[in-house]
file upload-v1.txt (compact mmCIF, C-alpha atoms (C1' of nucleotides))
# COMPACT_ATOMS: atom_id res chain seq x y z
CA MET A 5 114.97 116.37 109.05
CA LYS A 6 113.62 115.09 105.76
CA ALA A 7 115.91 112.48 104.32
CA ASP A 8 117.31 114.10 101.23
CA SER A 9 116.46 117.76 101.36
CA LEU A 10 120.24 118.05 101.24
CA ARG A 11 120.11 117.74 97.49
CA GLY A 12 122.31 120.38 96.00
CA HIS A 13 123.83 121.35 99.33
CA LEU A 14 125.93 118.33 100.15
CA ASP A 15 128.98 119.71 98.36
CA ALA A 16 128.75 122.89 100.39
CA LEU A 17 128.71 120.91 103.62
CA LEU A 18 131.70 118.81 102.67
CA LEU A 19 133.74 121.78 101.52
CA ALA A 20 132.80 123.74 104.63
CA VAL A 21 133.82 121.01 107.03
CA LEU A 22 137.21 120.83 105.35
CA ASP A 23 137.76 124.56 105.54
CA GLY A 24 141.07 125.08 107.30
CA ARG A 25 141.77 121.46 108.15
CA LYS A 26 142.46 118.06 106.71
CA LEU A 27 140.12 115.16 107.49
CA HIS A 28 139.51 111.64 106.26
CA GLY A 29 136.06 110.43 105.21
CA TYR A 30 135.03 108.80 108.43
CA ALA A 31 136.11 111.83 110.44
CA ILE A 32 134.17 114.09 108.08
CA ILE A 33 130.97 112.24 108.91
CA GLU A 34 131.68 112.61 112.62
CA ALA A 35 132.55 116.27 112.25
CA LEU A 36 129.25 116.93 110.51
CA GLN A 37 127.36 115.15 113.28
CA LEU A 38 129.15 117.27 115.82
CA ARG A 39 128.62 120.58 114.12
CA SER A 40 124.95 119.87 113.57
CA ASP A 41 124.23 118.57 117.06
CA GLY A 42 123.46 115.15 115.68
CA ALA A 43 121.00 116.34 113.04
CA LEU A 44 123.26 115.26 110.18
CA ASP A 45 124.14 111.58 110.09
CA LEU A 46 125.26 110.99 106.54
CA PRO A 47 125.69 107.40 105.40
CA THR A 48 129.07 106.39 104.04
CA GLY A 49 127.45 105.57 100.73
CA THR A 50 126.61 109.24 100.44
CA VAL A 51 129.85 110.75 101.62
CA TYR A 52 132.54 108.65 99.96
CA PRO A 53 131.25 108.96 96.41
CA ALA A 54 130.71 112.68 96.95
CA LEU A 55 134.30 113.13 98.10
CA ARG A 56 135.62 111.34 95.03
CA ARG A 57 133.39 113.47 92.85
CA LEU A 58 134.70 116.65 94.47
CA GLU A 59 138.23 115.43 93.99
CA ARG A 60 137.59 114.70 90.32
CA ALA A 61 136.20 118.22 90.06
CA GLY A 62 139.48 119.55 91.45
CA TYR A 63 138.02 120.97 94.66
CA LEU A 64 139.68 118.43 96.91
CA ALA A 65 143.04 116.69 96.99
CA SER A 66 143.67 113.49 98.89
CA GLU A 67 146.55 111.39 100.09
CA TRP A 68 146.82 108.06 101.84
CA ASP A 69 148.27 107.75 105.26
CA VAL A 70 148.33 104.93 107.76
CA VAL A 71 147.38 105.46 111.39
CA SER A 72 147.90 102.52 113.72
CA GLY A 73 147.51 100.00 110.96
CA ARG A 74 144.40 101.52 109.38
CA LYS A 75 144.54 103.16 106.01
CA ARG A 76 143.01 106.57 105.67
CA ARG A 77 142.47 108.79 102.70
CA THR A 78 142.88 112.30 103.97
CA TYR A 79 141.26 115.16 102.08
CA ARG A 80 142.05 118.84 101.96
CA LEU A 81 140.66 121.80 100.06
CA THR A 82 142.49 122.95 96.97
CA ARG A 83 142.72 126.58 95.96
CA SER A 84 139.89 125.97 93.57
CA GLY A 85 137.97 124.28 96.37
CA GLN A 86 138.29 127.40 98.49
CA GLN A 87 136.73 129.42 95.72
CA ALA A 88 134.00 126.83 95.28
CA LEU A 89 133.27 127.03 98.99
CA ALA A 90 132.94 130.79 98.83
CA ALA A 91 130.59 130.41 95.87
CA GLU A 92 128.54 127.79 97.71
CA ARG A 93 128.24 130.07 100.71
CA ALA A 94 127.04 132.95 98.56
CA GLU A 95 124.57 130.69 96.83
CA TRP A 96 123.31 129.42 100.14
CA ARG A 97 122.61 132.95 101.28
CA GLU A 98 120.72 133.69 98.09
CA PHE A 99 118.82 130.42 98.30
CA THR A 100 117.66 130.96 101.87
CA THR A 101 116.72 134.55 101.09
CA VAL A 102 114.56 133.56 98.14
CA ILE A 103 112.84 130.54 99.68
CA GLY A 104 112.57 132.14 103.09
CA GLY A 105 111.03 135.20 101.49
CA VAL A 106 108.31 133.17 99.85
CA LEU A 107 107.67 131.00 102.88
CA GLY A 108 107.68 133.76 105.40
CA GLY A 109 106.23 136.75 103.63
CA GLY A 110 102.47 136.63 103.80
CA ALA A 111 102.31 139.80 101.71
CA MET B 26 120.27 130.24 91.51
CA LYS B 27 121.26 126.66 90.79
CA ALA B 28 118.64 124.94 88.68
CA ASP B 29 117.22 122.36 91.02
CA SER B 30 118.39 123.23 94.50
CA LEU B 31 114.66 123.46 95.12
CA ARG B 32 114.54 119.71 95.54
CA GLY B 33 112.56 118.92 98.61
CA HIS B 34 111.27 122.47 99.01
CA LEU B 35 108.94 122.84 96.05
CA ASP B 36 105.93 121.61 98.00
CA ALA B 37 106.57 124.20 100.67
CA LEU B 38 106.66 126.97 98.07
CA LEU B 39 103.42 125.89 96.45
CA LEU B 40 101.60 125.52 99.74
CA ALA B 41 102.92 128.87 100.95
CA VAL B 42 101.83 130.76 97.87
CA LEU B 43 98.32 129.40 98.30
CA ASP B 44 98.15 130.38 101.95
CA GLY B 45 95.04 132.49 102.35
CA ARG B 46 94.06 132.67 98.68
CA LYS B 47 92.96 130.63 95.72
CA LEU B 48 95.06 130.63 92.57
CA HIS B 49 95.25 128.67 89.34
CA GLY B 50 98.49 127.10 88.10
CA TYR B 51 99.58 129.81 85.75
CA ALA B 52 98.94 132.48 88.39
CA ILE B 53 100.92 130.45 90.92
CA ILE B 54 103.97 130.62 88.69
CA GLU B 55 103.57 134.37 88.36
CA ALA B 56 103.01 134.82 92.08
CA LEU B 57 106.23 132.96 92.81
CA GLN B 58 108.14 135.14 90.37
CA LEU B 59 106.75 138.19 92.06
CA ARG B 60 107.47 137.14 95.61
CA SER B 61 111.00 136.13 94.74
CA ASP B 62 111.85 139.23 92.70
CA GLY B 63 112.18 137.12 89.59
CA ALA B 64 114.54 134.57 91.12
CA LEU B 65 112.02 131.77 90.80
CA ASP B 66 110.82 131.01 87.31
CA LEU B 67 109.38 127.55 87.52
CA PRO B 68 108.52 125.77 84.27
CA THR B 69 104.96 124.57 83.85
CA GLY B 70 106.25 121.02 83.58
CA THR B 71 107.44 121.36 87.15
CA VAL B 72 104.44 123.10 88.65
CA TYR B 73 101.45 121.31 87.16
CA PRO B 74 102.51 117.79 88.08
CA ALA B 75 103.45 119.00 91.55
CA LEU B 76 100.00 120.53 92.05
CA ARG B 77 98.32 117.30 91.04
CA ARG B 78 100.60 115.39 93.38
CA LEU B 79 99.70 117.70 96.25
CA GLU B 80 96.02 117.30 95.43
CA ARG B 81 96.35 113.52 95.44
CA ALA B 82 98.04 113.86 98.81
CA GLY B 83 95.01 115.75 100.06
CA TYR B 84 96.81 119.04 100.68
CA LEU B 85 95.08 120.90 97.87
CA ALA B 86 91.58 120.92 96.43
CA SER B 87 90.77 122.20 92.95
CA GLU B 88 87.80 123.24 90.89
CA TRP B 89 87.34 124.31 87.30
CA ASP B 90 86.12 127.70 86.37
CA VAL B 91 86.02 129.60 83.11
CA VAL B 92 87.31 133.14 82.85
CA SER B 93 86.74 134.91 79.53
CA GLY B 94 86.60 131.69 77.60
CA ARG B 95 89.70 130.14 79.19
CA LYS B 96 89.45 127.19 81.48
CA ARG B 97 91.27 127.39 84.76
CA ARG B 98 91.79 124.89 87.49
CA THR B 99 91.81 126.86 90.69
CA TYR B 100 93.56 125.45 93.75
CA ARG B 101 93.09 126.13 97.43
CA LEU B 102 94.63 124.71 100.60
CA THR B 103 92.68 122.07 102.49
CA ARG B 104 92.71 121.83 106.26
CA SER B 105 95.32 119.12 105.93
CA GLY B 106 97.25 121.36 103.56
CA GLN B 107 97.36 124.10 106.19
CA GLN B 108 98.91 121.65 108.61
CA ALA B 109 101.35 120.47 105.97
CA LEU B 110 102.36 124.07 105.36
CA ALA B 111 102.99 124.62 109.04
CA ALA B 112 105.10 121.47 109.10
CA GLU B 113 107.03 122.57 106.02
CA ARG B 114 107.74 125.94 107.59
CA ALA B 115 109.03 124.31 110.77
CA GLU B 116 111.17 121.97 108.75
CA TRP B 117 112.54 124.85 106.73
CA ARG B 118 113.62 126.62 109.90
CA GLU B 119 115.34 123.48 111.15
CA PHE B 120 116.94 122.87 107.78
CA THR B 121 118.39 126.37 107.49
CA THR B 122 119.59 126.26 111.08
CA VAL B 123 121.43 122.98 110.58
CA ILE B 124 123.00 123.72 107.21
CA GLY B 125 123.64 127.35 108.05
CA GLY B 126 125.33 126.26 111.25
CA VAL B 127 127.72 124.01 109.42
CA LEU B 128 128.41 126.49 106.63
CA GLY B 129 128.84 129.49 108.81
CA GLY B 130 130.43 128.25 111.98
CA GLY B 131 134.16 128.02 111.57
CA ALA B 132 134.43 126.62 115.09
C1' DC C 3 95.60 135.83 59.80
C1' DT C 4 99.52 135.46 62.40
C1' DA C 5 101.85 136.05 66.65
C1' DT C 6 101.72 136.38 71.47
C1' DA C 7 99.97 135.77 76.06
C1' DT C 8 97.15 132.92 78.65
C1' DA C 9 96.30 128.26 80.28
C1' DC C 10 96.74 123.11 81.14
C1' DG C 11 98.87 118.99 80.68
C1' DT C 12 102.03 114.51 79.60
C1' DA C 13 106.25 111.73 78.44
C1' DG C 14 110.67 110.87 79.11
C1' DT C 15 115.22 112.07 81.03
C1' DA C 16 118.86 113.00 84.35
C1' DC C 17 120.65 113.72 88.52
C1' DG C 18 122.13 112.72 93.01
C1' DG C 19 121.56 111.02 97.56
C1' DC C 20 119.98 106.71 99.55
C1' DT C 21 119.96 101.55 100.74
C1' DA C 22 122.31 97.50 100.77
C1' DC C 23 126.24 95.18 100.30
C1' DA C 24 131.38 93.93 100.27
C1' DT C 25 135.94 94.24 102.46
C1' DG C 26 139.39 94.58 105.99
C1' DT C 27 142.02 96.00 110.52
C1' DA C 28 142.44 97.17 115.64
C1' DG C 29 141.20 96.42 120.19
C1' DC C 30 138.35 94.81 123.81
C1' DG C 31 135.71 91.40 126.84
C1' DG C 32 135.15 86.88 128.06
C1' DC D 26 141.84 82.63 121.16
C1' DC D 27 137.22 83.90 119.65
C1' DG D 28 133.78 86.99 118.67
C1' DC D 29 132.02 91.57 118.82
C1' DT D 30 132.38 96.43 118.17
C1' DA D 31 134.46 100.55 116.39
C1' DC D 32 137.10 102.19 112.73
C1' DA D 33 137.65 102.85 107.74
C1' DT D 34 136.77 102.70 102.61
C1' DG D 35 134.33 101.67 98.85
C1' DT D 36 130.66 99.96 94.83
C1' DA D 37 126.11 98.77 92.60
C1' DG D 38 121.67 99.74 91.98
C1' DC D 39 117.31 102.03 93.25
C1' DC D 40 114.09 105.78 93.46
C1' DG D 41 112.04 110.26 93.93
C1' DT D 42 111.57 114.40 91.79
C1' DA D 43 112.49 118.48 89.11
C1' DC D 44 113.74 119.25 84.50
C1' DT D 45 113.32 119.49 79.15
C1' DA D 46 110.60 119.04 75.33
C1' DC D 47 106.37 118.42 73.55
C1' DG D 48 101.22 118.80 72.51
C1' DT D 49 96.76 121.26 72.87
C1' DA D 50 93.61 125.20 72.86
C1' DT D 51 91.44 130.10 73.24
C1' DA D 52 91.57 135.32 73.42
C1' DT D 53 93.63 139.49 71.95
C1' DA D 54 96.79 142.58 69.52
C1' DG D 55 98.99 143.88 65.31

call {"tool": "encode", "arguments": {"input": "upload-v1.txt", "output": "C-alpha cells"}}
result
Amino acid sequence: MKADSLRGHLDALLLAVLDGRKLHGYAIIEALQLRSDGALDLPTGTVYPALRRLERAGYLASEWDVVSGRKRRTYRLTRSGQQALAAERAEWREFTTVIGGVLGGGA
Amino acid sequence: MKADSLRGHLDALLLAVLDGRKLHGYAIIEALQLRSDGALDLPTGTVYPALRRLERAGYLASEWDVVSGRKRRTYRLTRSGQQALAAERAEWREFTTVIGGVLGGGA
DNA sequence: CTATATACGTAGTACGGCTACATGTAGCGG
DNA sequence: CCGCTACATGTAGCCGTACTACGTATATAG
C-alpha cells in the first residue's frame, strides 16, 4: 500500500483499535498489523505522536503502569473519543462512497 | 467531507474522470462535482497543478484548442495513464479493504 | 459598462505522516 | 558476563501535497 495514503484516516484507525479495550502504544501497532493481515506496519514515530495528539484532543486518556520492569503508557477511549470514533466511521463511509463512486462509475 | 482526506487519492480521481473522454480543467472540476453529487468541489488551485504534474509524469497529454474565443487546454489519458488508472483502482480496493477491515471489524 | 460565468495559472502556506535518531529495560544464547 | 534481540517510549526535522489567496483574460447577460 502507498506509504501515506493514510492521511486523514490515522485517527480513525487508532480510535477503532482502542474500541472496547485498553492498549499501550507498542501493542496498538501490533494490533493494527494483526487486524490488517500485515498490511499496516506503522512506525513508532507515526503512532506515538498521534496518540499524544488524540489525548490532547480529549479523545484518549492514558495512565502509566509497569509490567515486569517495563513502563507502559496505556490508552483508553474517553466518552468523547467514542463519539469521535462514531463520527470517523460515518465519515469513512461517506468518503469511500464518494471516491468509490467516481472511480468505479464509468457513467 | 473533511477538507483534505483526498490526500493520496486525487490522482486516481483525475485519471478516472478522464477515462474514455477528453476534458479540459474547468470541465474536469464540474464532472467531479456531478459524479459525486456535489460532494467534491475541488478548487482550481488544486486541480490545475495536479494536471500538470500528471502530464509531467506521462499519464496525461494535453493540447490547446479555442472554443468561442476561450482557450482551453484539453487533457486525455495516455497509454501509461491507463495503466496508472488501473493501478490506482487496484490500490483503492486494497486501501478500502484494509482500513475498512480495521474500522469495521470489532473482532 | 458592470457583473458573472468561463477558463487557466502561480506563489506561498499548513498539515501530518514519515525517517532518523535517542533512550532504556528484560531475557536469551553463547 | 557479554552482546543481541525484543520490548517500549519518545523527539526533531523533512517532505509531499492539497489548500488559500491571488492574478489574468474573454464572452455573455443585465

call {"tool": "atom_distance", "arguments": {"input": "upload-v1.txt", "atom1": "CA of Leu110 (chain B)", "atom2": "CA of Gly83 (chain B)"}}
result
12.3 Å

call {"tool": "calpha_fit_and_write", "arguments": {"input": "upload-v1.txt", "fixed": "chain A", "moving": "chain B", "output": "tab-separated table (two decimals) with C-alpha atoms, in the coordinates of the input"}}
result
chain	number	residue	atom	x	y	z
B	26	MET	CA	114.97	116.34	109.08
B	27	LYS	CA	113.62	115.02	105.80
B	28	ALA	CA	115.92	112.38	104.37
B	29	ASP	CA	117.29	114.03	101.27
B	30	SER	CA	116.46	117.70	101.49
B	31	LEU	CA	120.23	118.02	101.33
B	32	ARG	CA	120.05	117.67	97.58
B	33	GLY	CA	122.18	120.33	96.04
B	34	HIS	CA	123.80	121.31	99.33
B	35	LEU	CA	125.93	118.29	100.14
B	36	ASP	CA	128.95	119.68	98.33
B	37	ALA	CA	128.74	122.85	100.36
B	38	LEU	CA	128.69	120.87	103.60
B	39	LEU	CA	131.70	118.79	102.65
B	40	LEU	CA	133.72	121.76	101.49
B	41	ALA	CA	132.79	123.73	104.61
B	42	VAL	CA	133.80	121.00	107.01
B	43	LEU	CA	137.21	120.83	105.35
B	44	ASP	CA	137.73	124.57	105.55
B	45	GLY	CA	141.03	125.11	107.31
B	46	ARG	CA	141.75	121.47	108.17
B	47	LYS	CA	142.45	118.08	106.71
B	48	LEU	CA	140.13	115.19	107.50
B	49	HIS	CA	139.53	111.67	106.26
B	50	GLY	CA	136.09	110.44	105.21
B	51	TYR	CA	135.06	108.78	108.41
B	52	ALA	CA	136.12	111.83	110.43
B	53	ILE	CA	134.17	114.07	108.07
B	54	ILE	CA	130.99	112.20	108.90
B	55	GLU	CA	131.68	112.59	112.60
B	56	ALA	CA	132.55	116.26	112.24
B	57	LEU	CA	129.25	116.89	110.50
B	58	GLN	CA	127.36	115.11	113.26
B	59	LEU	CA	129.12	117.24	115.79
B	60	ARG	CA	128.58	120.56	114.09
B	61	SER	CA	124.92	119.83	113.53
B	62	ASP	CA	124.19	118.53	117.03
B	63	GLY	CA	123.45	115.11	115.63
B	64	ALA	CA	121.00	116.31	112.99
B	65	LEU	CA	123.24	115.21	110.15
B	66	ASP	CA	124.11	111.55	110.04
B	67	LEU	CA	125.26	110.94	106.52
B	68	PRO	CA	125.72	107.33	105.39
B	69	THR	CA	129.13	106.37	104.05
B	70	GLY	CA	127.52	105.51	100.73
B	71	THR	CA	126.63	109.17	100.41
B	72	VAL	CA	129.87	110.71	101.60
B	73	TYR	CA	132.58	108.64	99.95
B	74	PRO	CA	131.29	108.93	96.40
B	75	ALA	CA	130.72	112.64	96.93
B	76	LEU	CA	134.31	113.12	98.09
B	77	ARG	CA	135.63	111.35	95.02
B	78	ARG	CA	133.37	113.45	92.84
B	79	LEU	CA	134.68	116.63	94.44
B	80	GLU	CA	138.24	115.42	93.96
B	81	ARG	CA	137.59	114.71	90.29
B	82	ALA	CA	136.19	118.22	90.05
B	83	GLY	CA	139.45	119.54	91.43
B	84	TYR	CA	137.99	120.96	94.64
B	85	LEU	CA	139.66	118.44	96.91
B	86	ALA	CA	143.04	116.72	96.99
B	87	SER	CA	143.69	113.51	98.89
B	88	GLU	CA	146.58	111.43	100.13
B	89	TRP	CA	146.87	108.10	101.87
B	90	ASP	CA	148.30	107.76	105.29
B	91	VAL	CA	148.32	104.94	107.81
B	92	VAL	CA	147.33	105.51	111.41
B	93	SER	CA	147.80	102.57	113.77
B	94	GLY	CA	147.52	100.03	111.02
B	95	ARG	CA	144.42	101.56	109.39
B	96	LYS	CA	144.59	103.18	106.02
B	97	ARG	CA	143.04	106.59	105.67
B	98	ARG	CA	142.51	108.80	102.71
B	99	THR	CA	142.89	112.32	103.98
B	100	TYR	CA	141.26	115.18	102.10
B	101	ARG	CA	142.06	118.87	101.97
B	102	LEU	CA	140.64	121.82	100.04
B	103	THR	CA	142.49	122.96	96.94
B	104	ARG	CA	142.72	126.60	95.94
B	105	SER	CA	139.87	125.97	93.54
B	106	GLY	CA	137.97	124.27	96.35
B	107	GLN	CA	138.29	127.40	98.49
B	108	GLN	CA	136.72	129.41	95.71
B	109	ALA	CA	134.00	126.82	95.27
B	110	LEU	CA	133.26	127.03	98.98
B	111	ALA	CA	132.95	130.79	98.80
B	112	ALA	CA	130.59	130.41	95.86
B	113	GLU	CA	128.54	127.79	97.70
B	114	ARG	CA	128.24	130.06	100.72
B	115	ALA	CA	127.05	132.95	98.56
B	116	GLU	CA	124.57	130.71	96.84
B	117	TRP	CA	123.31	129.43	100.16
B	118	ARG	CA	122.62	132.97	101.32
B	119	GLU	CA	120.74	133.73	98.11
B	120	PHE	CA	118.85	130.46	98.32
B	121	THR	CA	117.68	131.00	101.90
B	122	THR	CA	116.75	134.59	101.13
B	123	VAL	CA	114.60	133.62	98.16
B	124	ILE	CA	112.86	130.62	99.68
B	125	GLY	CA	112.59	132.21	103.10
B	126	GLY	CA	111.06	135.27	101.50
B	127	VAL	CA	108.35	133.25	99.84
B	128	LEU	CA	107.68	131.08	102.88
B	129	GLY	CA	107.67	133.85	105.39
B	130	GLY	CA	106.21	136.84	103.64
B	131	GLY	CA	102.46	136.72	103.76
B	132	ALA	CA	102.33	139.91	101.69

call {"tool": "residues_around", "arguments": {"input": "upload-v1.txt", "residues": "region 11-18 of chain C", "least_positions_apart": "2", "cutoff": "12 Å", "atoms": "all atoms listed in the file", "output": "PDB file with C-alpha atoms (C1' of nucleotides), in the coordinates of the input"}}
result
ATOM      1  CA  ASP A   8     117.310 114.100 101.230  1.00  0.00           C
ATOM      2  CA  SER A   9     116.460 117.760 101.360  1.00  0.00           C
ATOM      3  CA  LEU A  10     120.240 118.050 101.240  1.00  0.00           C
ATOM      4  CA  ARG A  11     120.110 117.740  97.490  1.00  0.00           C
ATOM      5  CA  GLY A  12     122.310 120.380  96.000  1.00  0.00           C
ATOM      6  CA  HIS A  13     123.830 121.350  99.330  1.00  0.00           C
ATOM      7  CA  LEU A  14     125.930 118.330 100.150  1.00  0.00           C
ATOM      8  CA  ASP A  15     128.980 119.710  98.360  1.00  0.00           C
ATOM      9  CA  GLY A  49     127.450 105.570 100.730  1.00  0.00           C
ATOM     10  CA  THR A  50     126.610 109.240 100.440  1.00  0.00           C
ATOM     11  CA  VAL A  51     129.850 110.750 101.620  1.00  0.00           C
ATOM     12  CA  PRO A  53     131.250 108.960  96.410  1.00  0.00           C
ATOM     13  CA  ALA A  54     130.710 112.680  96.950  1.00  0.00           C
ATOM     14  CA  ARG A  57     133.390 113.470  92.850  1.00  0.00           C
TER      15      ARG A  57
ATOM     16  CA  ALA B  28     118.640 124.940  88.680  1.00  0.00           C
ATOM     17  CA  ASP B  29     117.220 122.360  91.020  1.00  0.00           C
ATOM     18  CA  SER B  30     118.390 123.230  94.500  1.00  0.00           C
ATOM     19  CA  ARG B  32     114.540 119.710  95.540  1.00  0.00           C
ATOM     20  CA  GLY B  50      98.490 127.100  88.100  1.00  0.00           C
ATOM     21  CA  TYR B  51      99.580 129.810  85.750  1.00  0.00           C
ATOM     22  CA  THR B  69     104.960 124.570  83.850  1.00  0.00           C
ATOM     23  CA  GLY B  70     106.250 121.020  83.580  1.00  0.00           C
ATOM     24  CA  THR B  71     107.440 121.360  87.150  1.00  0.00           C
ATOM     25  CA  VAL B  72     104.440 123.100  88.650  1.00  0.00           C
ATOM     26  CA  TYR B  73     101.450 121.310  87.160  1.00  0.00           C
ATOM     27  CA  PRO B  74     102.510 117.790  88.080  1.00  0.00           C
ATOM     28  CA  ALA B  75     103.450 119.000  91.550  1.00  0.00           C
ATOM     29  CA  LEU B  76     100.000 120.530  92.050  1.00  0.00           C
ATOM     30  CA  ARG B  77      98.320 117.300  91.040  1.00  0.00           C
ATOM     31  CA  ARG B  98      91.790 124.890  87.490  1.00  0.00           C
TER      32      ARG B  98
ATOM     33  C1'  DA C   9      96.300 128.260  80.280  1.00  0.00           C
ATOM     34  C1'  DC C  20     119.980 106.710  99.550  1.00  0.00           C
TER      35       DC C  20
ATOM     36  C1'  DC D  39     117.310 102.030  93.250  1.00  0.00           C
ATOM     37  C1'  DC D  40     114.090 105.780  93.460  1.00  0.00           C
ATOM     38  C1'  DG D  41     112.040 110.260  93.930  1.00  0.00           C
ATOM     39  C1'  DT D  42     111.570 114.400  91.790  1.00  0.00           C
ATOM     40  C1'  DA D  43     112.490 118.480  89.110  1.00  0.00           C
ATOM     41  C1'  DC D  44     113.740 119.250  84.500  1.00  0.00           C
ATOM     42  C1'  DT D  45     113.320 119.490  79.150  1.00  0.00           C
ATOM     43  C1'  DA D  46     110.600 119.040  75.330  1.00  0.00           C
ATOM     44  C1'  DC D  47     106.370 118.420  73.550  1.00  0.00           C
ATOM     45  C1'  DG D  48     101.220 118.800  72.510  1.00  0.00           C
ATOM     46  C1'  DT D  49      96.760 121.260  72.870  1.00  0.00           C
ATOM     47  C1'  DA D  50      93.610 125.200  72.860  1.00  0.00           C
TER      48       DA D  50
END

call {"tool": "atom_distance", "arguments": {"input": "upload-v1.txt", "atom1": "CA of Ala65 (chain A)", "atom2": "CA of Leu46 (chain A)"}}
result
21.0 Å

call {"tool": "interface_residues", "arguments": {"input": "upload-v1.txt", "of": "chain C", "to": "chain A", "cutoff": "12 Å", "atoms": "all atoms listed in the file", "output": "VMD selection string"}}
result
chain C and resid 17 to 23 26 to 29

call {"tool": "residues_around", "arguments": {"input": "upload-v1.txt", "residues": "Asp23 (chain A)", "least_positions_apart": "5", "cutoff": "9 Å", "atoms": "all atoms listed in the file", "output": "number ranges by chain"}}
result
A: 18, 80-81, 86, 89; B: 131

call {"tool": "interface_residues", "arguments": {"input": "upload-v1.txt", "of": "chain A", "to": "chain B", "cutoff": "6 Å", "atoms": "all atoms listed in the file", "output": "PyMOL selection string"}}
result
chain A and resi 9+12+20+39-40+102+106-107

call {"tool": "interface_residues", "arguments": {"input": "upload-v1.txt", "of": "chain D", "to": "chain A", "cutoff": "8 Å", "atoms": "all atoms listed in the file", "output": "list in words"}}
result
DA33, DT34 and DG35 of chain D

call {"tool": "atom_distance", "arguments": {"input": "upload-v1.txt", "atom1": "CA of Leu27 (chain A)", "atom2": "CA of Asp69 (chain A)"}}
result
11.2 Å

call {"tool": "closest_residue", "arguments": {"input": "upload-v1.txt", "among": "C:DA24, C:DC30, C:DC10, C:DC3", "to": "DT36 (chain D)", "atoms": "only C-alpha atoms (C1' of nucleotides)"}}
result
C:DA24

call {"tool": "build_atoms", "arguments": {"input": "upload-v1.txt", "residues": "region 84-95 of chain A", "atoms": "N, CA and C atoms", "output": "mmCIF file, keeping the file's coordinate frame"}}
result
data_model
loop_
_atom_site.group_PDB
_atom_site.id
_atom_site.type_symbol
_atom_site.label_atom_id
_atom_site.label_comp_id
_atom_site.auth_asym_id
_atom_site.auth_seq_id
_atom_site.Cartn_x
_atom_site.Cartn_y
_atom_site.Cartn_z
ATOM 1 N N SER A 84 141.164 125.960 94.292
ATOM 2 C CA SER A 84 139.890 125.970 93.570
ATOM 3 C C SER A 84 138.724 125.576 94.471
ATOM 4 N N GLY A 85 138.998 124.680 95.425
ATOM 5 C CA GLY A 85 137.970 124.280 96.370
ATOM 6 C C GLY A 85 137.574 125.411 97.302
ATOM 7 N N GLN A 86 138.564 126.222 97.665
ATOM 8 C CA GLN A 86 138.290 127.400 98.490
ATOM 9 C C GLN A 86 137.322 128.336 97.785
ATOM 10 N N GLN A 87 137.609 128.546 96.499
ATOM 11 C CA GLN A 87 136.730 129.420 95.720
ATOM 12 C C GLN A 87 135.334 128.828 95.611
ATOM 13 N N ALA A 88 135.298 127.505 95.394
ATOM 14 C CA ALA A 88 134.000 126.830 95.280
ATOM 15 C C ALA A 88 133.227 126.979 96.582
ATOM 16 N N LEU A 89 133.931 126.879 97.695
ATOM 17 C CA LEU A 89 133.270 127.030 98.990
ATOM 18 C C LEU A 89 132.670 128.424 99.150
ATOM 19 N N ALA A 90 133.447 129.415 98.752
ATOM 20 C CA ALA A 90 132.940 130.790 98.830
ATOM 21 C C ALA A 90 131.695 130.935 97.959
ATOM 22 N N ALA A 91 131.737 130.346 96.776
ATOM 23 C CA ALA A 91 130.590 130.410 95.870
ATOM 24 C C ALA A 91 129.384 129.703 96.483
ATOM 25 N N GLU A 92 129.630 128.555 97.088
ATOM 26 C CA GLU A 92 128.540 127.790 97.710
ATOM 27 C C GLU A 92 127.914 128.590 98.847
ATOM 28 N N ARG A 93 128.767 129.272 99.599
ATOM 29 C CA ARG A 93 128.240 130.070 100.710
ATOM 30 C C ARG A 93 127.362 131.200 100.196
ATOM 31 N N ALA A 94 127.822 131.849 99.134
ATOM 32 C CA ALA A 94 127.040 132.950 98.560
ATOM 33 C C ALA A 94 125.713 132.420 98.043
ATOM 34 N N GLU A 95 125.778 131.267 97.395
ATOM 35 C CA GLU A 95 124.570 130.690 96.830
ATOM 36 C C GLU A 95 123.601 130.277 97.924
#
